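Right, one structure below, let's go through it.
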Amino acid sequence: MTANESICDHCGLPVPSGLYEPDAEHQFCCNGCKTVYNILHGSGLENYYKIKSAVDSNAQPAATTGSNYEELDDPAFQSTWVTESDEGTAEVELLLEGMHCAACVWLIERLPRVADGVIDARANIRRRTVCVRYRPSDIKLSTVAQSLDKLGYAAHPARGKEARQIRLKEDRKFLIRVAVAGALAGNIMLLSIALYGGEFDGISDAWRTTFRWYSMALGLAVLVWPGRIFFTGAIAALRTRTAHLDIPIALALASAGIWGTLNTFRGIGEIYFDSVGVLVFLLLVGRWIQHRQQRAASDSVELMLTLTPSSATLIDDDGNTKRVPIETLQAGMSVQVAAGESFPADGTITAGITTIDNSLLTGESVPVTSDAGDPALAGATNLSSPVTVRVQAVGEHSRIGKLMELVAQASEHKTPIVRMADRIAGYFVIIVIILAFGTFIAWTMIEGPAIGIEHATALLIVTCPCALGLATPMAMSVALGRSARAGMLIKSAAALELMAKPGTMLLDKTGTLTAGATTVVDTYGDESLLSAAAAIERSSNHPIARAIAAAFDSDLQATDVNQTTGQGITGTVNNQSILVGSVDFVLRSTNSEIPPELQPKLVRLLDRALTPILVHGSTTNTFALIGVGDQLRTDAAASTQSLQKRGWNLEICSGDHPRIVESIAHQINIQTHNGGVTPEAKANRIATLKETNTGSAPIVMVGDGVNDAAALARADVGIAVHGGAEASLEAADVYLIQPGVAPIVKLADLSRSTMSTIRLCLIISVCYNTVAASLAMAGLISALIAAIIMPISSLTVVAICTRAGKNVAPTKSATISSESV
C-alpha cells in the first residue's frame, strides 16, 4: 500500500504523506488517533470499531489535547462543580468534545475499565455530556479528565447543571400529571361504556348508581389535580385582565364537574365525567408536546461550548505558572495567554505583542495588533504570540459580563405575545356565557328550571374549546419538529407567529451576510510568487496568513522565516527572499513603489473593502497582489432579495468598519446600513425601532456574536446564525444550524405556513362550536352525542395540524444535527 492509499486505522481518514510509515503495521492520520488506538487495544475495548462501523459513523480524527487538567483539582473548582456523597464518592458532569454517535457513548461508558477509581460513567449523546461517579481517594478528577482526553474526548465543566436539574424535575412532574389524567380518563370511559350499554340493554339501578358514583369520584380527581392547571391559568388571566384560552376551558370543566356532581347526588340527568376526563387528558398531551419541542430546541443550544475559558494560566509572585479555574481569578493577578487561547478576563497587556480577534465581541472582522499597555477583553482570541495580562475585571464585572446583564434585562422586558387562540378566547367566553344564559332562560320558560340548567350546562360542556386549545400547540409542535429537520431550532413558538408577518429585520454583517472567516478573494500576479508566499505564511498563525496558506497548493519549503507582528513576514523560498505583508510595509522594506500595472488592481480591492497584501520576490524583483477579506456568502444576495419581496425592510447593523459595511450593502442592494456600531448601540437601535413601530410588524435581529446578544434579546425575534457565540445563542429565539441567510427565508415561509394551518384549525373549531352550541340550545345534545362529537373535532384538528410547515423540506446535514436534539 502506498502513502496515497493509506487510511487511518482508528478514524478511517486518509493518512498524510508526512505521517506514513512504510514498515509500520498500523497507520494513523495524527498522533491523537495513534494514542487512542493503543489505549483501546490495551484495555480490551476493540469492540468500539465494530459498533462504529455498524452505526456508519462519519470519520473524525481523535481530538486529544494532551492537557493535564490540573485546574480540575483546584479547591475552588471542586466546591463549584463536584458533588460529594457520604459514602466517599464524588460526582461531576463534564461536557465532551467529539461525542457524536452510539459508538462514542459505548466507549465513554467503559471509562471504569481505563481509569481505576471511576465507578461508573453515564453518557448523554443529546447533551454531549458525561456524568462520572468516582472515588476521590483512589483517583483525581484531573486523571479522570486525562483518561477521557486520551480516548479522544476533551473535557470541560458542564455549566448550568442546577438549572437542568430543576427543569428535569418540572418535566417529571408534568409527565406524572399527564399519566394520571390518562389513567383516570381511561377508567371513566370504561364506566361510561357500561352506562351507555345499559341505556340500550338495561341495567339495574344499583349498578347504575354505583357506576355513576365511581365516575364522579374519578372525574373530580381529574379536575382536582391534573385539571387544576387550567383553573390556575384562568384565575391568573382574570386577575391580570388578559384573554387566555384557559378561561373558557376552565368554565366548561367547572360547569361539567358541578352539574355532574349534582346529578350524581340527585340520581338523574347526565354526568359528563367521561367528557371531562378525555378533555383534560387531550389538552395536557397537547401542552406536553409543545413543551418538549421547545425544550429540545433550547437544550440543543446549550450544547455549545462557552465563550470564555473555564481555566487560566496564573503567574504567581515567583514567576511560576499553573492552571487554575476561572473562579479563582481576581483583579491585580497576572495570567499568561498562549496563542490560540481566549482571554479569561478583562485586563491590560503587560508583556508581549500579538494580534487579537475581537470579532465575537465587537463585530470587527480584521484582527487588531496589541502591545504592552493595550486592553484585552474576556472572550477575545489571542492569535499570534503569548502575552501576559494583568487582570482588571472578571466575570460579571467584565465587558462580556455587563453585556450578559444587558441581555438579561432585555429578556425581562420582552413583551409576551398574545396568541391568536387567546385573542379568540376573549370573545369566545362572552358569547358562550350569553348563549348559555339565553338557553337557561328559554328552556326554563318552556320546561322549567331543571331542564333549563340541564341544557345550559350541556351547552357549556360541548362548546369547551378542546379543538381550539389543541390547534395552536399541535400545529406549533409539528412546525417546530419540521423546523429542526430543516436546520432551524426554535426556542419560542411565539417567534413563529411573529415571523409570519413581515416587519423590519436588522442583519449583522460578520458571520451572517459574510462567511465570518478571512479568505483569499482575489489575486493578481505571478502564480509562482503566490505559491512562495503561501509556503512562508504556513509558519504564521495570523488569520490572513492562514487564509493565504490555505488558498494555494504549495509543496515549497520556507526557511529563515521572520514575522513582524501586525505588518508582515519574510522568508526564503528556493534561494529567493520573499516578503509578504501590508502594502506600506513591503514598499518601505524594499524601498520601491507599486508597479503601475498593479495600481488599478489595488484601487479595485480597496473599493471592494478587501485588505490588500503585497508580495515581493527579491531575485526577480516582481510583485503580486492578494485581496483578502470576509467574503460575502453566496446565498446572501438572492436571500435578501427574497426577503425584500416578501415585504421585509432590511438594515445592516454591524460593528465592522463603515467602509466595509457600505461595500457589502451595495453588493446586496440594502439601502439602510450602519457600521462601527457598538453592542449597546445595537440594542438601543432595536429599542428605538420598537418605540416608533405603531403597527404589529415585528422587529427582528439576526446576528452571531456576543456584540449582538443584547440586541437579540431586546428584539421581538432574535435569530442566531450558525457558528455563533453561546451568548448570542442563549439570547436568541431561533438558532440556525445551516450557515447563510437562506434559512431565514425558510423560517419566514415556515411561519406563514404554520399560521395558515392554525387559522384553518381555528375556523373548523369555531364551526364545530357553532354547530354544537346550536344543537345544545335546541335540546338535542345528550351525553352519548357529546362523547362522540367532541373527540371527532379534536382528531380532525390534529390531522390538519400535520400540514404545518409541510413546504419546508429538510436537508441532509440538518437532519443529522436534529437527531441529537
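We label chains A, B, ... in the order they appear in the C-alpha cells, count residues from 1 in each chain, and number ligands from 1 in the order shown.
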Inset, instruction - Mind the document's chain letters and residue numbers, and return as a ChimeraX atom specification the residues of region 388-544 of chain A that DSSP labels strand (DSSP E). - result: /A:388-393,488-490,504-507,514-524
Selection export as a short mmCIF file (atom, residue, chain, number, x, y, z; two decimals), in the first residue's frame, atoms kept: N, CA and C atoms:
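Output file out-v4.cif follows:
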```
data_model
loop_
_atom_site.label_atom_id
_atom_site.label_comp_id
_atom_site.auth_asym_id
_atom_site.auth_seq_id
_atom_site.Cartn_x
_atom_site.Cartn_y
_atom_site.Cartn_z
N THR A 388 1.34 38.38 28.44
CA THR A 388 1.00 38.43 29.86
C THR A 388 -0.02 39.54 30.08
N VAL A 389 -1.06 39.23 30.82
CA VAL A 389 -2.16 40.19 31.02
C VAL A 389 -2.39 40.38 32.51
N ARG A 390 -2.48 41.64 32.93
CA ARG A 390 -2.84 41.93 34.32
C ARG A 390 -4.36 42.06 34.39
N VAL A 391 -4.98 41.25 35.24
CA VAL A 391 -6.44 41.17 35.32
C VAL A 391 -7.01 42.44 35.93
N GLN A 392 -8.05 42.98 35.30
CA GLN A 392 -8.75 44.15 35.82
C GLN A 392 -10.19 43.84 36.22
N ALA A 393 -10.85 42.97 35.46
CA ALA A 393 -12.26 42.66 35.75
C ALA A 393 -12.54 41.22 35.34
N MET A 488 -33.44 24.55 11.67
CA MET A 488 -33.83 25.73 12.44
C MET A 488 -34.35 25.28 13.80
N LEU A 489 -33.63 25.62 14.87
CA LEU A 489 -34.03 25.25 16.22
C LEU A 489 -34.73 26.45 16.85
N ILE A 490 -36.04 26.32 17.06
CA ILE A 490 -36.86 27.43 17.52
C ILE A 490 -37.16 27.24 18.99
N THR A 504 -39.40 44.76 10.19
CA THR A 504 -38.05 45.28 10.00
C THR A 504 -37.04 44.26 10.52
N MET A 505 -36.04 43.95 9.70
CA MET A 505 -35.03 42.96 10.08
C MET A 505 -33.65 43.60 10.02
N LEU A 506 -32.95 43.58 11.17
CA LEU A 506 -31.58 44.08 11.24
C LEU A 506 -30.61 42.91 11.10
N LEU A 507 -29.66 43.04 10.17
CA LEU A 507 -28.71 41.98 9.88
C LEU A 507 -27.31 42.39 10.30
N THR A 514 -21.69 37.57 5.70
CA THR A 514 -20.39 37.08 5.22
C THR A 514 -20.06 35.75 5.89
N ALA A 515 -19.00 35.13 5.43
CA ALA A 515 -18.64 33.80 5.93
C ALA A 515 -18.13 33.83 7.36
N GLY A 516 -17.71 35.02 7.83
CA GLY A 516 -17.20 35.11 9.19
C GLY A 516 -15.78 34.61 9.33
N ALA A 517 -15.09 34.42 8.20
CA ALA A 517 -13.70 33.95 8.23
C ALA A 517 -12.93 34.64 7.10
N THR A 518 -11.69 34.96 7.38
CA THR A 518 -10.86 35.62 6.38
C THR A 518 -10.43 34.62 5.31
N THR A 519 -10.66 34.96 4.05
CA THR A 519 -10.28 34.11 2.92
C THR A 519 -9.67 34.96 1.81
N VAL A 520 -8.98 34.30 0.91
CA VAL A 520 -8.43 34.98 -0.27
C VAL A 520 -9.56 35.13 -1.29
N VAL A 521 -9.87 36.37 -1.64
CA VAL A 521 -10.98 36.65 -2.55
C VAL A 521 -10.48 36.88 -3.98
N ASP A 522 -9.33 37.53 -4.12
CA ASP A 522 -8.83 37.84 -5.47
C ASP A 522 -7.31 37.93 -5.43
N THR A 523 -6.66 37.63 -6.59
CA THR A 523 -5.20 37.70 -6.68
C THR A 523 -4.79 38.28 -8.03
N TYR A 524 -3.63 38.92 -8.05
CA TYR A 524 -3.04 39.45 -9.28
C TYR A 524 -1.54 39.21 -9.21
#
```
Legend entry - Contacts of region 527-531 of chain A at 9 Å (only C-alpha atoms; same-chain gap of 5+ positions) as a VMD selection string: chain A and resid 536 548 to 549 552 to 556 578 615 to 617 622 to 626
Inset, instruction - Would you kindly return, as a list in words, each protein, DNA or RNA residue with an atom no farther than 9 Å from any atom of region 566-574 of chain A, considering only C-alpha atoms and excluding same-chain residues fewer than 5 positions away? - result: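 Surrounding residues, per the criterion: Thr354, Thr355, Val368, Thr369, Ser370, Ala532, Ala533, Ala535, Ile536, Glu537, Ser540, Leu556, Gln557, Ala558, Thr559, Asp560, Val561, Leu579, Val580, Gly581, Ser582, Asp584, Phe585, Val586 and Ile613 of chain A.
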Legend entry - Atomic separation - CA of Thr620 (chain A) relative to CA of Asn575 (chain A), Å: 11.5 Å
Legend entry - All helix (DSSP H, G or I) residues (DSSP, backbone) inside region 577-808 of chain A, as JSON, numbers by chain: {"A": [583, 584, 585, 586, 587, 588, 589, 590, 596, 597, 598, 599, 600, 601, 602, 603, 604, 605, 606, 607, 636, 637, 638, 639, 640, 641, 642, 643, 644, 645, 658, 659, 660, 661, 662, 663, 664, 665, 666, 667, 668, 679, 680, 681, 682, 683, 684, 685, 686, 687, 688, 689, 690, 691, 692, 706, 707, 708, 709, 710, 711, 712, 713, 714, 726, 727, 728, 729, 730, 731, 742, 743, 744, 745, 746, 747, 748, 749, 750, 751, 752, 753, 754, 755, 756, 757, 758, 759, 760, 761, 762, 763, 764, 765, 766, 767, 768, 769, 770, 771, 772, 773, 774, 775, 776, 777, 783, 784, 785, 786, 787, 788, 789, 790, 791, 792, 793, 794, 795, 796, 797, 798, 799, 800, 801]}
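Nearest-residue note for Gln576 (chain A): choosing from A:Gly269, A:Lys34, A:Gly257, A:Ser618, the minimum distance belongs to A:Ser618, counting only C-alpha atoms.
Here the question is which of A:Lys173, A:Arg135, A:Lys50, A:Arg128 gets nearest to Ala155 (chain A) using only C-alpha atoms, and that residue is A:Arg128.
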Legend entry - Distance criterion (only C-alpha atoms): nearest to Met755 (chain A) out of A:Met99, A:Ala479, A:Ala484, A:Leu610: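 Checking each of A:Met99, A:Ala479, A:Ala484, A:Leu610 against Met755 (chain A), counting only C-alpha atoms, the winner is A:Ala479.
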Inset, instruction - Go through A:Ala90, A:Ala351, A:Val130, A:Cys464 one by one, measure the shortest atom-to-atom distance of each to Asp246 (chain A) using only C-alpha atoms, and give the residue with the smallest value. - result: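 Checking each of A:Ala90, A:Ala351, A:Val130, A:Cys464 against Asp246 (chain A), counting only C-alpha atoms, the winner is A:Cys464.
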Inset, instruction - Compare A:Ala799, A:Val603, A:Val82, A:Val661 by their minimum atom-to-atom distance to Met474 (chain A), counting only C-alpha atoms, and give me the closest one. - result: A:Ala799
